[in-house]
Every structure is written in structure tokens, then in C-alpha cells.
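Reproduced below: structure06.pdb, with PDB, C-alpha atoms and all ligand atoms.
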```
MODEL        1
ATOM      1  CA  MET R   1     -74.436   7.377   4.146  1.00  0.00           C
ATOM      2  CA  ASN R   2     -71.731   5.991   6.406  1.00  0.00           C
ATOM      3  CA  LEU R   3     -68.881   8.223   7.453  1.00  0.00           C
ATOM      4  CA  LEU R   4     -66.619   5.199   7.169  1.00  0.00           C
ATOM      5  CA  THR R   5     -67.037   1.665   5.889  1.00  0.00           C
ATOM      6  CA  ALA R   6     -64.283  -0.933   6.041  1.00  0.00           C
ATOM      7  CA  GLN R   7     -64.723  -4.318   4.425  1.00  0.00           C
ATOM      8  CA  ASN R   8     -62.775  -7.503   4.682  1.00  0.00           C
ATOM      9  CA  LEU R   9     -59.607  -5.937   6.085  1.00  0.00           C
ATOM     10  CA  SER R  10     -56.578  -8.144   6.604  1.00  0.00           C
ATOM     11  CA  HIS R  11     -53.060  -7.171   7.563  1.00  0.00           C
ATOM     12  CA  SER R  12     -49.732  -8.820   8.396  1.00  0.00           C
ATOM     13  CA  PHE R  13     -46.293  -7.596   9.279  1.00  0.00           C
ATOM     14  CA  GLU R  14     -44.058 -10.512  10.287  1.00  0.00           C
ATOM     15  CA  TYR R  15     -47.154 -12.641  10.844  1.00  0.00           C
ATOM     16  CA  GLU R  16     -50.888 -12.180  10.297  1.00  0.00           C
ATOM     17  CA  LEU R  17     -52.331  -9.638  12.711  1.00  0.00           C
ATOM     18  CA  PHE R  18     -55.992  -9.854  11.711  1.00  0.00           C
ATOM     19  CA  SER R  19     -58.218 -10.855   8.819  1.00  0.00           C
ATOM     20  CA  ASN R  20     -61.742 -10.299   7.442  1.00  0.00           C
ATOM     21  CA  ILE R  21     -62.538  -7.291   9.539  1.00  0.00           C
ATOM     22  CA  ASP R  22     -65.680  -5.285   8.747  1.00  0.00           C
ATOM     23  CA  ILE R  23     -66.612  -2.083  10.483  1.00  0.00           C
ATOM     24  CA  GLU R  24     -68.935   0.828   9.792  1.00  0.00           C
ATOM     25  CA  LEU R  25     -69.271   4.224  11.375  1.00  0.00           C
ATOM     26  CA  LYS R  26     -72.321   6.441  11.063  1.00  0.00           C
ATOM     27  CA  GLU R  27     -72.941  10.014  12.125  1.00  0.00           C
ATOM     28  CA  LYS R  28     -73.041  10.382  15.928  1.00  0.00           C
ATOM     29  CA  ASP R  29     -71.618   6.869  16.335  1.00  0.00           C
ATOM     30  CA  SER R  30     -68.831   6.034  18.711  1.00  0.00           C
ATOM     31  CA  ILE R  31     -66.924   2.784  18.390  1.00  0.00           C
ATOM     32  CA  ALA R  32     -64.405   1.473  20.916  1.00  0.00           C
ATOM     33  CA  ILE R  33     -61.810  -1.164  20.079  1.00  0.00           C
ATOM     34  CA  ILE R  34     -60.183  -2.967  22.968  1.00  0.00           C
ATOM     35  CA  GLY R  35     -57.716  -5.832  22.957  1.00  0.00           C
ATOM     36  CA  MET R  36     -54.391  -7.007  24.375  1.00  0.00           C
ATOM     37  CA  SER R  37     -51.204  -5.054  23.777  1.00  0.00           C
ATOM     38  CA  GLY R  38     -49.801  -6.118  20.422  1.00  0.00           C
ATOM     39  CA  SER R  39     -53.128  -7.409  19.088  1.00  0.00           C
ATOM     40  CA  GLY R  40     -53.061  -4.856  16.266  1.00  0.00           C
ATOM     41  CA  LYS R  41     -55.395  -2.089  17.469  1.00  0.00           C
ATOM     42  CA  SER R  42     -53.153   0.796  16.434  1.00  0.00           C
ATOM     43  CA  THR R  43     -52.430  -0.919  13.128  1.00  0.00           C
ATOM     44  CA  LEU R  44     -56.166  -1.217  12.481  1.00  0.00           C
ATOM     45  CA  LEU R  45     -56.664   2.444  13.390  1.00  0.00           C
ATOM     46  CA  ASN R  46     -53.818   3.412  11.030  1.00  0.00           C
ATOM     47  CA  ILE R  47     -55.572   1.543   8.228  1.00  0.00           C
ATOM     48  CA  LEU R  48     -58.983   3.056   9.001  1.00  0.00           C
ATOM     49  CA  SER R  49     -57.483   6.564   9.085  1.00  0.00           C
ATOM     50  CA  THR R  50     -55.752   5.899   5.714  1.00  0.00           C
ATOM     51  CA  LEU R  51     -52.232   6.225   7.111  1.00  0.00           C
ATOM     52  CA  LEU R  52     -51.524   2.612   6.197  1.00  0.00           C
ATOM     53  CA  GLU R  53     -52.734   0.630   3.225  1.00  0.00           C
ATOM     54  CA  PRO R  54     -54.302  -2.704   4.170  1.00  0.00           C
ATOM     55  CA  GLU R  55     -52.905  -5.899   2.717  1.00  0.00           C
ATOM     56  CA  GLN R  56     -56.458  -6.847   1.731  1.00  0.00           C
ATOM     57  CA  GLY R  57     -59.835  -5.197   1.909  1.00  0.00           C
ATOM     58  CA  SER R  58     -61.140  -1.700   1.430  1.00  0.00           C
ATOM     59  CA  VAL R  59     -61.832   1.478   3.358  1.00  0.00           C
ATOM     60  CA  SER R  60     -64.440   3.987   2.192  1.00  0.00           C
ATOM     61  CA  LEU R  61     -64.809   7.490   3.544  1.00  0.00           C
ATOM     62  CA  PHE R  62     -68.064   9.388   2.949  1.00  0.00           C
ATOM     63  CA  GLY R  63     -69.130   6.710   0.495  1.00  0.00           C
ATOM     64  CA  GLU R  64     -65.996   6.635  -1.642  1.00  0.00           C
ATOM     65  CA  ASP R  65     -63.274   3.986  -1.707  1.00  0.00           C
ATOM     66  CA  VAL R  66     -59.983   5.616  -0.686  1.00  0.00           C
ATOM     67  CA  GLN R  67     -57.949   3.357  -2.941  1.00  0.00           C
ATOM     68  CA  THR R  68     -59.580   4.655  -6.098  1.00  0.00           C
ATOM     69  CA  MET R  69     -59.982   8.239  -4.891  1.00  0.00           C
ATOM     70  CA  SER R  70     -57.734  10.895  -6.441  1.00  0.00           C
ATOM     71  CA  THR R  71     -54.715  11.893  -4.329  1.00  0.00           C
ATOM     72  CA  LYS R  72     -56.023  15.445  -4.317  1.00  0.00           C
ATOM     73  CA  LYS R  73     -59.418  14.459  -2.950  1.00  0.00           C
ATOM     74  CA  LEU R  74     -57.903  12.180  -0.327  1.00  0.00           C
ATOM     75  CA  SER R  75     -55.527  14.941   0.822  1.00  0.00           C
ATOM     76  CA  LYS R  76     -58.433  17.325   1.164  1.00  0.00           C
ATOM     77  CA  ILE R  77     -60.460  14.820   3.172  1.00  0.00           C
ATOM     78  CA  LYS R  78     -57.484  14.135   5.419  1.00  0.00           C
ATOM     79  CA  ARG R  79     -56.848  17.823   5.974  1.00  0.00           C
ATOM     80  CA  ASP R  80     -60.446  18.921   6.531  1.00  0.00           C
ATOM     81  CA  SER R  81     -62.438  15.942   7.716  1.00  0.00           C
ATOM     82  CA  LEU R  82     -60.245  13.490   9.625  1.00  0.00           C
ATOM     83  CA  GLY R  83     -58.993  14.136  13.135  1.00  0.00           C
ATOM     84  CA  LEU R  84     -56.203  11.962  14.485  1.00  0.00           C
ATOM     85  CA  VAL R  85     -55.488  11.878  18.204  1.00  0.00           C
ATOM     86  CA  PHE R  86     -52.622   9.466  18.581  1.00  0.00           C
ATOM     87  CA  GLN R  87     -50.319   8.194  21.309  1.00  0.00           C
ATOM     88  CA  SER R  88     -47.540  10.690  20.503  1.00  0.00           C
ATOM     89  CA  HIS R  89     -48.529  14.314  20.360  1.00  0.00           C
ATOM     90  CA  TYR R  90     -46.718  15.816  17.362  1.00  0.00           C
ATOM     91  CA  LEU R  91     -47.086  19.341  18.733  1.00  0.00           C
ATOM     92  CA  PHE R  92     -44.700  22.022  17.484  1.00  0.00           C
ATOM     93  CA  LYS R  93     -42.270  22.106  20.378  1.00  0.00           C
ATOM     94  CA  GLY R  94     -40.871  25.595  19.771  1.00  0.00           C
ATOM     95  CA  LEU R  95     -44.315  27.190  19.893  1.00  0.00           C
ATOM     96  CA  SER R  96     -46.719  28.044  22.683  1.00  0.00           C
ATOM     97  CA  ALA R  97     -49.909  26.034  23.138  1.00  0.00           C
ATOM     98  CA  LEU R  98     -51.905  28.888  21.590  1.00  0.00           C
ATOM     99  CA  GLU R  99     -49.584  29.138  18.583  1.00  0.00           C
ATOM    100  CA  ASN R 100     -50.067  25.418  17.987  1.00  0.00           C
ATOM    101  CA  LEU R 101     -53.820  25.973  17.920  1.00  0.00           C
ATOM    102  CA  GLU R 102     -53.432  29.009  15.663  1.00  0.00           C
ATOM    103  CA  VAL R 103     -51.686  26.851  13.078  1.00  0.00           C
ATOM    104  CA  ALA R 104     -54.687  24.490  13.043  1.00  0.00           C
ATOM    105  CA  SER R 105     -57.095  27.415  13.011  1.00  0.00           C
ATOM    106  CA  ILE R 106     -55.422  29.053   9.997  1.00  0.00           C
ATOM    107  CA  LEU R 107     -55.066  25.811   8.036  1.00  0.00           C
ATOM    108  CA  SER R 108     -58.708  24.878   8.498  1.00  0.00           C
ATOM    109  CA  ASP R 109     -60.182  28.386   8.515  1.00  0.00           C
ATOM    110  CA  GLN R 110     -61.986  27.681  11.790  1.00  0.00           C
ATOM    111  CA  ASN R 111     -61.968  29.752  14.967  1.00  0.00           C
ATOM    112  CA  ILE R 112     -60.339  28.674  18.197  1.00  0.00           C
ATOM    113  CA  ASP R 113     -63.131  27.958  20.657  1.00  0.00           C
ATOM    114  CA  ASP R 114     -62.417  29.396  24.120  1.00  0.00           C
ATOM    115  CA  ASP R 115     -65.029  27.107  25.672  1.00  0.00           C
ATOM    116  CA  LEU R 116     -63.131  24.114  24.323  1.00  0.00           C
ATOM    117  CA  LEU R 117     -59.945  25.374  25.980  1.00  0.00           C
ATOM    118  CA  LYS R 118     -61.770  25.943  29.262  1.00  0.00           C
ATOM    119  CA  ARG R 119     -63.356  22.502  29.178  1.00  0.00           C
ATOM    120  CA  LEU R 120     -59.968  20.942  28.502  1.00  0.00           C
ATOM    121  CA  GLY R 121     -58.429  22.952  31.342  1.00  0.00           C
ATOM    122  CA  ILE R 122     -55.801  24.559  29.138  1.00  0.00           C
ATOM    123  CA  TYR R 123     -57.189  28.099  29.040  1.00  0.00           C
ATOM    124  CA  GLU R 124     -54.850  29.347  31.771  1.00  0.00           C
ATOM    125  CA  PRO R 125     -51.522  27.948  30.494  1.00  0.00           C
ATOM    126  CA  ILE R 126     -52.366  28.655  26.833  1.00  0.00           C
ATOM    127  CA  ASN R 127     -49.486  31.103  26.332  1.00  0.00           C
ATOM    128  CA  GLN R 128     -46.829  28.793  27.746  1.00  0.00           C
ATOM    129  CA  LYS R 129     -44.403  26.934  25.548  1.00  0.00           C
ATOM    130  CA  VAL R 130     -45.521  23.382  24.847  1.00  0.00           C
ATOM    131  CA  THR R 131     -42.270  22.055  26.355  1.00  0.00           C
ATOM    132  CA  GLU R 132     -43.106  23.744  29.672  1.00  0.00           C
ATOM    133  CA  LEU R 133     -46.468  21.981  29.985  1.00  0.00           C
ATOM    134  CA  SER R 134     -47.058  18.682  31.768  1.00  0.00           C
ATOM    135  CA  GLY R 135     -47.547  15.517  29.711  1.00  0.00           C
ATOM    136  CA  GLY R 136     -51.291  15.551  30.378  1.00  0.00           C
ATOM    137  CA  GLN R 137     -51.568  19.224  29.441  1.00  0.00           C
ATOM    138  CA  GLN R 138     -49.693  18.565  26.195  1.00  0.00           C
ATOM    139  CA  GLN R 139     -52.095  15.733  25.478  1.00  0.00           C
ATOM    140  CA  ARG R 140     -55.053  18.076  25.984  1.00  0.00           C
ATOM    141  CA  VAL R 141     -53.464  20.741  23.759  1.00  0.00           C
ATOM    142  CA  SER R 142     -53.123  18.134  21.019  1.00  0.00           C
ATOM    143  CA  ILE R 143     -56.807  17.202  21.450  1.00  0.00           C
ATOM    144  CA  ALA R 144     -57.760  20.902  21.255  1.00  0.00           C
ATOM    145  CA  ARG R 145     -55.671  21.249  18.126  1.00  0.00           C
ATOM    146  CA  VAL R 146     -57.426  18.342  16.434  1.00  0.00           C
ATOM    147  CA  LEU R 147     -60.926  19.527  17.427  1.00  0.00           C
ATOM    148  CA  THR R 148     -60.174  23.101  16.325  1.00  0.00           C
ATOM    149  CA  LYS R 149     -60.288  21.999  12.712  1.00  0.00           C
ATOM    150  CA  ARG R 150     -63.799  20.504  13.250  1.00  0.00           C
ATOM    151  CA  PRO R 151     -63.195  17.043  11.766  1.00  0.00           C
ATOM    152  CA  LYS R 152     -66.074  14.759  10.810  1.00  0.00           C
ATOM    153  CA  VAL R 153     -64.346  11.531  11.848  1.00  0.00           C
ATOM    154  CA  LEU R 154     -62.155  11.214  14.919  1.00  0.00           C
ATOM    155  CA  PHE R 155     -59.557   8.459  15.251  1.00  0.00           C
ATOM    156  CA  VAL R 156     -58.434   8.322  18.820  1.00  0.00           C
ATOM    157  CA  ASP R 157     -55.660   6.078  20.157  1.00  0.00           C
ATOM    158  CA  GLU R 158     -55.370   5.934  23.967  1.00  0.00           C
ATOM    159  CA  PRO R 159     -56.297   9.587  24.421  1.00  0.00           C
ATOM    160  CA  THR R 160     -56.329   9.491  28.183  1.00  0.00           C
ATOM    161  CA  GLY R 161     -53.105   7.590  28.827  1.00  0.00           C
ATOM    162  CA  ASN R 162     -51.437  10.507  30.647  1.00  0.00           C
ATOM    163  CA  LEU R 163     -54.529  11.635  32.513  1.00  0.00           C
ATOM    164  CA  ASP R 164     -55.982  10.962  35.953  1.00  0.00           C
ATOM    165  CA  LYS R 165     -59.437   9.412  36.047  1.00  0.00           C
ATOM    166  CA  ASN R 166     -61.384  12.662  36.515  1.00  0.00           C
ATOM    167  CA  THR R 167     -59.576  14.504  33.759  1.00  0.00           C
ATOM    168  CA  ALA R 168     -59.886  11.438  31.513  1.00  0.00           C
ATOM    169  CA  ASN R 169     -63.649  11.382  32.035  1.00  0.00           C
ATOM    170  CA  GLU R 170     -63.925  15.098  31.294  1.00  0.00           C
ATOM    171  CA  VAL R 171     -61.931  14.655  28.087  1.00  0.00           C
ATOM    172  CA  MET R 172     -64.209  11.788  27.070  1.00  0.00           C
ATOM    173  CA  ASP R 173     -67.325  13.875  27.852  1.00  0.00           C
ATOM    174  CA  LEU R 174     -65.927  16.472  25.501  1.00  0.00           C
ATOM    175  CA  PHE R 175     -65.401  13.928  22.704  1.00  0.00           C
ATOM    176  CA  PHE R 176     -68.958  12.627  23.092  1.00  0.00           C
ATOM    177  CA  ASP R 177     -70.427  16.147  23.089  1.00  0.00           C
ATOM    178  CA  TYR R 178     -68.305  16.998  20.063  1.00  0.00           C
ATOM    179  CA  ILE R 179     -69.537  14.102  17.937  1.00  0.00           C
ATOM    180  CA  ASP R 180     -73.126  14.780  18.948  1.00  0.00           C
ATOM    181  CA  THR R 181     -73.017  18.514  18.234  1.00  0.00           C
ATOM    182  CA  ASN R 182     -71.133  18.141  14.948  1.00  0.00           C
ATOM    183  CA  SER R 183     -72.807  14.916  13.726  1.00  0.00           C
ATOM    184  CA  ALA R 184     -69.317  13.468  13.629  1.00  0.00           C
ATOM    185  CA  GLY R 185     -68.165   9.927  14.469  1.00  0.00           C
ATOM    186  CA  MET R 186     -65.374   8.488  16.583  1.00  0.00           C
ATOM    187  CA  ILE R 187     -63.312   5.315  16.582  1.00  0.00           C
ATOM    188  CA  LEU R 188     -61.486   4.960  19.878  1.00  0.00           C
ATOM    189  CA  VAL R 189     -58.745   2.495  20.780  1.00  0.00           C
ATOM    190  CA  THR R 190     -58.214   1.944  24.478  1.00  0.00           C
ATOM    191  CA  HIS R 191     -57.065  -0.490  27.170  1.00  0.00           C
ATOM    192  CA  ASP R 192     -59.659   0.925  29.530  1.00  0.00           C
ATOM    193  CA  GLU R 193     -62.777  -1.253  29.391  1.00  0.00           C
ATOM    194  CA  GLU R 194     -64.840   1.143  31.496  1.00  0.00           C
ATOM    195  CA  LEU R 195     -64.055   3.964  29.121  1.00  0.00           C
ATOM    196  CA  ALA R 196     -64.714   1.738  26.106  1.00  0.00           C
ATOM    197  CA  HIS R 197     -68.186   0.938  27.365  1.00  0.00           C
ATOM    198  CA  ARG R 198     -69.147   4.599  27.246  1.00  0.00           C
ATOM    199  CA  CYS R 199     -69.109   4.156  23.437  1.00  0.00           C
ATOM    200  CA  LYS R 200     -72.178   3.061  21.483  1.00  0.00           C
ATOM    201  CA  HIS R 201     -70.422   0.000  20.019  1.00  0.00           C
ATOM    202  CA  VAL R 202     -67.603  -1.985  21.601  1.00  0.00           C
ATOM    203  CA  TYR R 203     -65.373  -4.481  19.814  1.00  0.00           C
ATOM    204  CA  ARG R 204     -62.514  -6.660  21.003  1.00  0.00           C
ATOM    205  CA  LEU R 205     -59.614  -7.494  18.717  1.00  0.00           C
ATOM    206  CA  GLU R 206     -58.776 -11.048  19.701  1.00  0.00           C
ATOM    207  CA  ASP R 207     -57.450 -14.134  17.895  1.00  0.00           C
ATOM    208  CA  LYS R 208     -57.082 -12.072  14.710  1.00  0.00           C
ATOM    209  CA  LYS R 209     -60.801 -11.269  14.655  1.00  0.00           C
ATOM    210  CA  LEU R 210     -62.852  -8.259  15.618  1.00  0.00           C
ATOM    211  CA  ILE R 211     -65.570  -9.479  17.944  1.00  0.00           C
ATOM    212  CA  LYS R 212     -68.603  -7.351  18.740  1.00  0.00           C
ATOM    213  CA  LEU R 213     -69.326  -7.256  22.472  1.00  0.00           C
TER     214      LEU R 213
HETATM  215  N1  LIG K   1     -44.475  -0.760  11.116  1.00  0.00           N
HETATM  216  C1  LIG K   1     -44.401  -1.991  11.599  1.00  0.00           C
HETATM  217  N2  LIG K   1     -43.524  -2.896  11.113  1.00  0.00           N
HETATM  218  C2  LIG K   1     -43.463  -4.164  11.579  1.00  0.00           C
HETATM  219  N3  LIG K   1     -44.255  -4.618  12.562  1.00  0.00           N
HETATM  220  C3  LIG K   1     -45.152  -3.784  13.094  1.00  0.00           C
HETATM  221  C4  LIG K   1     -45.276  -2.438  12.643  1.00  0.00           C
HETATM  222  N4  LIG K   1     -46.266  -1.836  13.349  1.00  0.00           N
HETATM  223  C5  LIG K   1     -46.737  -2.773  14.206  1.00  0.00           C
HETATM  224  N5  LIG K   1     -46.066  -3.931  14.061  1.00  0.00           N
HETATM  225  C6  LIG K   1     -46.294  -5.165  14.825  1.00  0.00           C
HETATM  226  O1  LIG K   1     -47.686  -5.405  14.848  1.00  0.00           O
HETATM  227  C7  LIG K   1     -48.103  -5.831  16.136  1.00  0.00           C
HETATM  228  C8  LIG K   1     -49.305  -5.044  16.586  1.00  0.00           C
HETATM  229  O2  LIG K   1     -48.927  -3.690  16.833  1.00  0.00           O
HETATM  230  P1  LIG K   1     -49.986  -2.570  17.228  1.00  0.00           P
HETATM  231  O3  LIG K   1     -49.213  -1.345  17.490  1.00  0.00           O
HETATM  232  O4  LIG K   1     -51.039  -2.512  16.195  1.00  0.00           O
HETATM  233  O5  LIG K   1     -50.601  -3.201  18.556  1.00  0.00           O
HETATM  234  P2  LIG K   1     -51.609  -2.569  19.630  1.00  0.00           P
HETATM  235  O6  LIG K   1     -52.741  -3.507  19.769  1.00  0.00           O
HETATM  236  O7  LIG K   1     -51.908  -1.165  19.265  1.00  0.00           O
HETATM  237  O8  LIG K   1     -50.739  -2.599  20.971  1.00  0.00           O
HETATM  238  P3  LIG K   1     -50.709  -1.568  22.230  1.00  0.00           P
HETATM  239  O9  LIG K   1     -51.954  -1.848  22.999  1.00  0.00           O
HETATM  240  O10 LIG K   1     -49.496  -1.979  22.963  1.00  0.00           O
HETATM  241  O11 LIG K   1     -50.631  -0.167  21.702  1.00  0.00           O
HETATM  242  C9  LIG K   1     -46.905  -5.707  17.043  1.00  0.00           C
HETATM  243  O12 LIG K   1     -46.457  -6.984  17.358  1.00  0.00           O
HETATM  244  C10 LIG K   1     -45.879  -4.945  16.261  1.00  0.00           C
HETATM  245  O13 LIG K   1     -44.597  -5.425  16.459  1.00  0.00           O
HETATM  246 MG    MG K   2     -51.405   0.706  20.142  1.00  0.00          MG
ENDMDL
END
```
Rewritten as C-alpha cells:
Amino acid sequence: MNLLTAQNLSHSFEYELFSNIDIELKEKDSIAIIGMSGSGKSTLLNILSTLLEPEQGSVSLFGEDVQTMSTKKLSKIKRDSLGLVFQSHYLFKGLSALENLEVASILSDQNIDDDLLKRLGIYEPINQKVTELSGGQQQRVSIARVLTKRPKVLFVDEPTGNLDKNTANEVMDLFFDYIDTNSAGMILVTHDEELAHRCKHVYRLEDKKLIKL
């Protein structure tokens, strides 16, 4: 069974962004989507992660069409099984990094993994307020928060934007290990072609189509 199947997706805002897009994600798969700024990558990721309803087409998660799924079931899937790492962090600013992770840990009934914090290089500053951390540290706290709930599908939009090349590579190693260990899947949007090519499948969103490279 696919973790995610999207068929025939089309979407427009002021003008048509893309049409007839098909994509499928299996366990341990990683998919990268590259494309020019404004081509619609984040919009596509919003549709795939069920934040936005497509104008046409369907998205299925774990074999079930999200449009016909009950609200209750979809909420549960979103809470337990989808992990969104997006361009803005949405951390609780008044809390420490650890308290942010504790919220995720309580909501999902999963433990905070010290190894994860060490690998992300946020073990030392974990008790500091989020607002005191650097942009890159905040980004890594938000990644730790998402992974703490052990999602089955990761949607990742420019996760390494604030990071130097070494740290970016370490963060990507962590994502790849995570999907392998947890039989999860990842859809990654990035400008960085080198990073994209570390994924199993690479697509380019261009001329309103998704082209497999
Ligand atoms: N909520 C919205 N309402 C109206 N137009 C929107 C909305 N969201 C996106 N757009 C338009 O859709 C186009 C694609 O935006 P999107 O954010 O998907 O691009 P992107 O490929 O992710 O770009 P970038 O690489 O810069 O992040 C843009 O031209 C944008 O103006
Ligand atoms: Mg974008």
C-alpha cells in the first residue's frame, strides 16, 4: 500500500499553476521536488499534506481518499501520522526548546529522543528560550519537534534554508535515517539540486507539469 497517492492534481490561484500531476510515495521512499521560485512547489506540498484542497484531482493517504474520509479520521491522521517541516517554524516563542518538544511528546505519547537532539546539535541549548536561539537552531528545534511525534509521512519545505552546508547535510542524513528506520516516507521541496539528488526520486515542476528526472 502506498503511504500517499495523488492523482490528476490541478490548481490555480490567479492563473493555472499546474495540472494533471500524479505522484506516489511508498514506505522508505524519498521524493524531491525542485523548480523555479513561484512555480508552485509549496502549493503542491500544501495540497499533498492536506492543508489545501486541490481544484481538481485526489489525494489518498494510507489507501484512503482524504476528500471522502471523515473529519475525525483525517484529524487523527494529521495529528499522528503527518509531519510538516515548513519554511516558517511555528515554535511556541514563550517556551524553551525543550518545552516545545515536551508539547509534541505529550500530544503524541512518544518519548523525546536524546540521540535525536544530539544529532541535531540542540542538546546543549535545549533549556534556552526559543527566541534566544539562532535561526538555524530554531529550525533544528522545529525538525526535532516534528520527528518527536514519529510521523509516517514527512512533508519538508526548504528545511535547510538557514543552515550552512555541513549542518544541512547532517540534517538530511537524519531525515534519511529516520525514514529508513521508521519505514516512513518523505516529500522534500528544495532549491538545492545537490540535496534533491540525495532523494530516491527527483521531479522538476516546470511549465505547469511535474517532470521526472
Ligand atoms: N494563498 C494564495 N493566494 C493566491 N496566490 C497564491 C497563494 N499561494 C501561492 N500563490 C501564488 O502561487 C504561486 C506559486 O507559489 P508557491 O509558494 O507555491 O511557489 P514556490 O514554487 O513554492 O516558490 P518558492 O520557491 O519561492 O518558495 C505564486 O505566484 C503565488 O503568488
Ligand atoms: Mg515555496
- Message: I'd like to know which of R:Lys41, R:Arg150, R:His11, R:Arg145 is closest to ligand LIG 1 (chain K), using only C-alpha atoms and all ligand atoms.
- Response: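 Nearest to ligand LIG 1 (chain K): R:Lys41.
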- Do you know which residues are within 7 Å of ligand LIG 1 (chain K) using all atoms listed in the file? Can you write them as a PyMOL selection string? chain R and resi 13-14+17+35-44+191
Just write the chosen residues, C-alpha atoms, as a short mmCIF file (atom, residue, chain, number, x, y, z; two decimals), in the coordinates of the input.
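The result, stored in part_16.cif:
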```cif
data_model
loop_
_atom_site.label_atom_id
_atom_site.label_comp_id
_atom_site.auth_asym_id
_atom_site.auth_seq_id
_atom_site.Cartn_x
_atom_site.Cartn_y
_atom_site.Cartn_z
CA PHE R 13 -46.29 -7.60 9.28
CA GLU R 14 -44.06 -10.51 10.29
CA LEU R 17 -52.33 -9.64 12.71
CA GLY R 35 -57.72 -5.83 22.96
CA MET R 36 -54.39 -7.01 24.38
CA SER R 37 -51.20 -5.05 23.78
CA GLY R 38 -49.80 -6.12 20.42
CA SER R 39 -53.13 -7.41 19.09
CA GLY R 40 -53.06 -4.86 16.27
CA LYS R 41 -55.40 -2.09 17.47
CA SER R 42 -53.15 0.80 16.43
CA THR R 43 -52.43 -0.92 13.13
CA LEU R 44 -56.17 -1.22 12.48
CA HIS R 191 -57.06 -0.49 27.17
#
```
- Item | Spatial neighbours of range 174-183 of chain R, 12 Å, only C-alpha atoms, chain gap at least 4 places, as a ChimeraX atom specification | /R:2-3,25-31,81,83,85,115-121,140,143-144,146-156,159-160,167-170,187-188,195,198-200
- Message: Could you list, as a PyMOL selection string, every residue matched by the PyMOL selection byres (((chain R and resi 4) around 9) and not hetatm) in this structure?
- Response: chain R and resi 1-3+5-6+23-26+48+59-64+153+185
- Ground truth for the PyMOL selection byres (((chain R and resi 99) around 12) and not hetatm), written as a PyMOL selection string: chain R and resi 91-98+100-106+112+126-130+141-142+144-145
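If you measure from each of R:Leu107, R:Leu205, R:Leu133, R:Ile21 to ligand MG 2 (chain K) using only C-alpha atoms and all ligand atoms, the closest one turns out to be R:Leu205.
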- Message: Could you list, as a list in words, every residue within 9 Å of Gly135 in chain R, counting all atoms listed in the file and ignoring same-chain residues fewer than 4 positions away?
- Response: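 The filter keeps Gln139, Arg140, Asn162 and Leu163 of chain R.
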Those residues with C-alpha atoms, as an mmCIF file, keeping the file's coordinate frame please?
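This went into selection.cif:
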```
data_model
loop_
_atom_site.group_PDB
_atom_site.id
_atom_site.type_symbol
_atom_site.label_atom_id
_atom_site.label_comp_id
_atom_site.auth_asym_id
_atom_site.auth_seq_id
_atom_site.Cartn_x
_atom_site.Cartn_y
_atom_site.Cartn_z
ATOM 1 C CA GLN R 139 -52.095 15.733 25.478
ATOM 2 C CA ARG R 140 -55.053 18.076 25.984
ATOM 3 C CA ASN R 162 -51.437 10.507 30.647
ATOM 4 C CA LEU R 163 -54.529 11.635 32.513
#
```
- Message: Measuring between all atoms listed in the file, which one of R:Thr190, R:Lys78, R:Ser70, R:Lys208 shows the shortest distance to Ser12 in chain R?
- Response: R:Lys208
- Would you mind telling me which residue in R:Thr68, R:Lys73, R:Ile122, R:Asp157 lies nearest to ligand MG 2 (chain K) when using only C-alpha atoms and all ligand atoms?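 Smallest separation from ligand MG 2 (chain K) among the options: R:Asp157.
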- Find the residue from R:Gln7, R:Ser19, R:Ser88, R:Thr50 that sits nearest to ligand MG 2 (chain K); use all atoms listed in the file when measuring.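 Using all atoms listed in the file, the shortest distance to ligand MG 2 (chain K) belongs to R:Ser88.
Counting from CA of Leu213 in chain R, the distance to CA of Lys165 in chain R is 23.7 Å.
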Kindly provide, as AutoDock Vina command-line options, the centre and edge lengths (Å, one decimal) of an axis-aligned box around all atoms of range 99-102 of chain R given in the file, with 6 Å on each side.
```
--center_x -51.7 --center_y 27.3 --center_z 17.1 --size_x 16.2 --size_y 15.7 --size_z 14.9
```
- Query: Which value, in Å to one decimal, gives the distance between CA of Ser108 in chain R and CA of Val66 in chain R?
  - Reply: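 Going from CA of Ser108 in chain R over to CA of Val66 in chain R covers 21.4 Å.
Here CA of Asp207 in chain R is placed at a distance of 7.7 Å from CA of Phe18 in chain R.
Restricting the calculation to only C-alpha atoms, the smallest distance between Leu82 in chain R and any of R:Ser49, R:Asn8, R:Asn166, R:Gln137 is found for R:Ser49.
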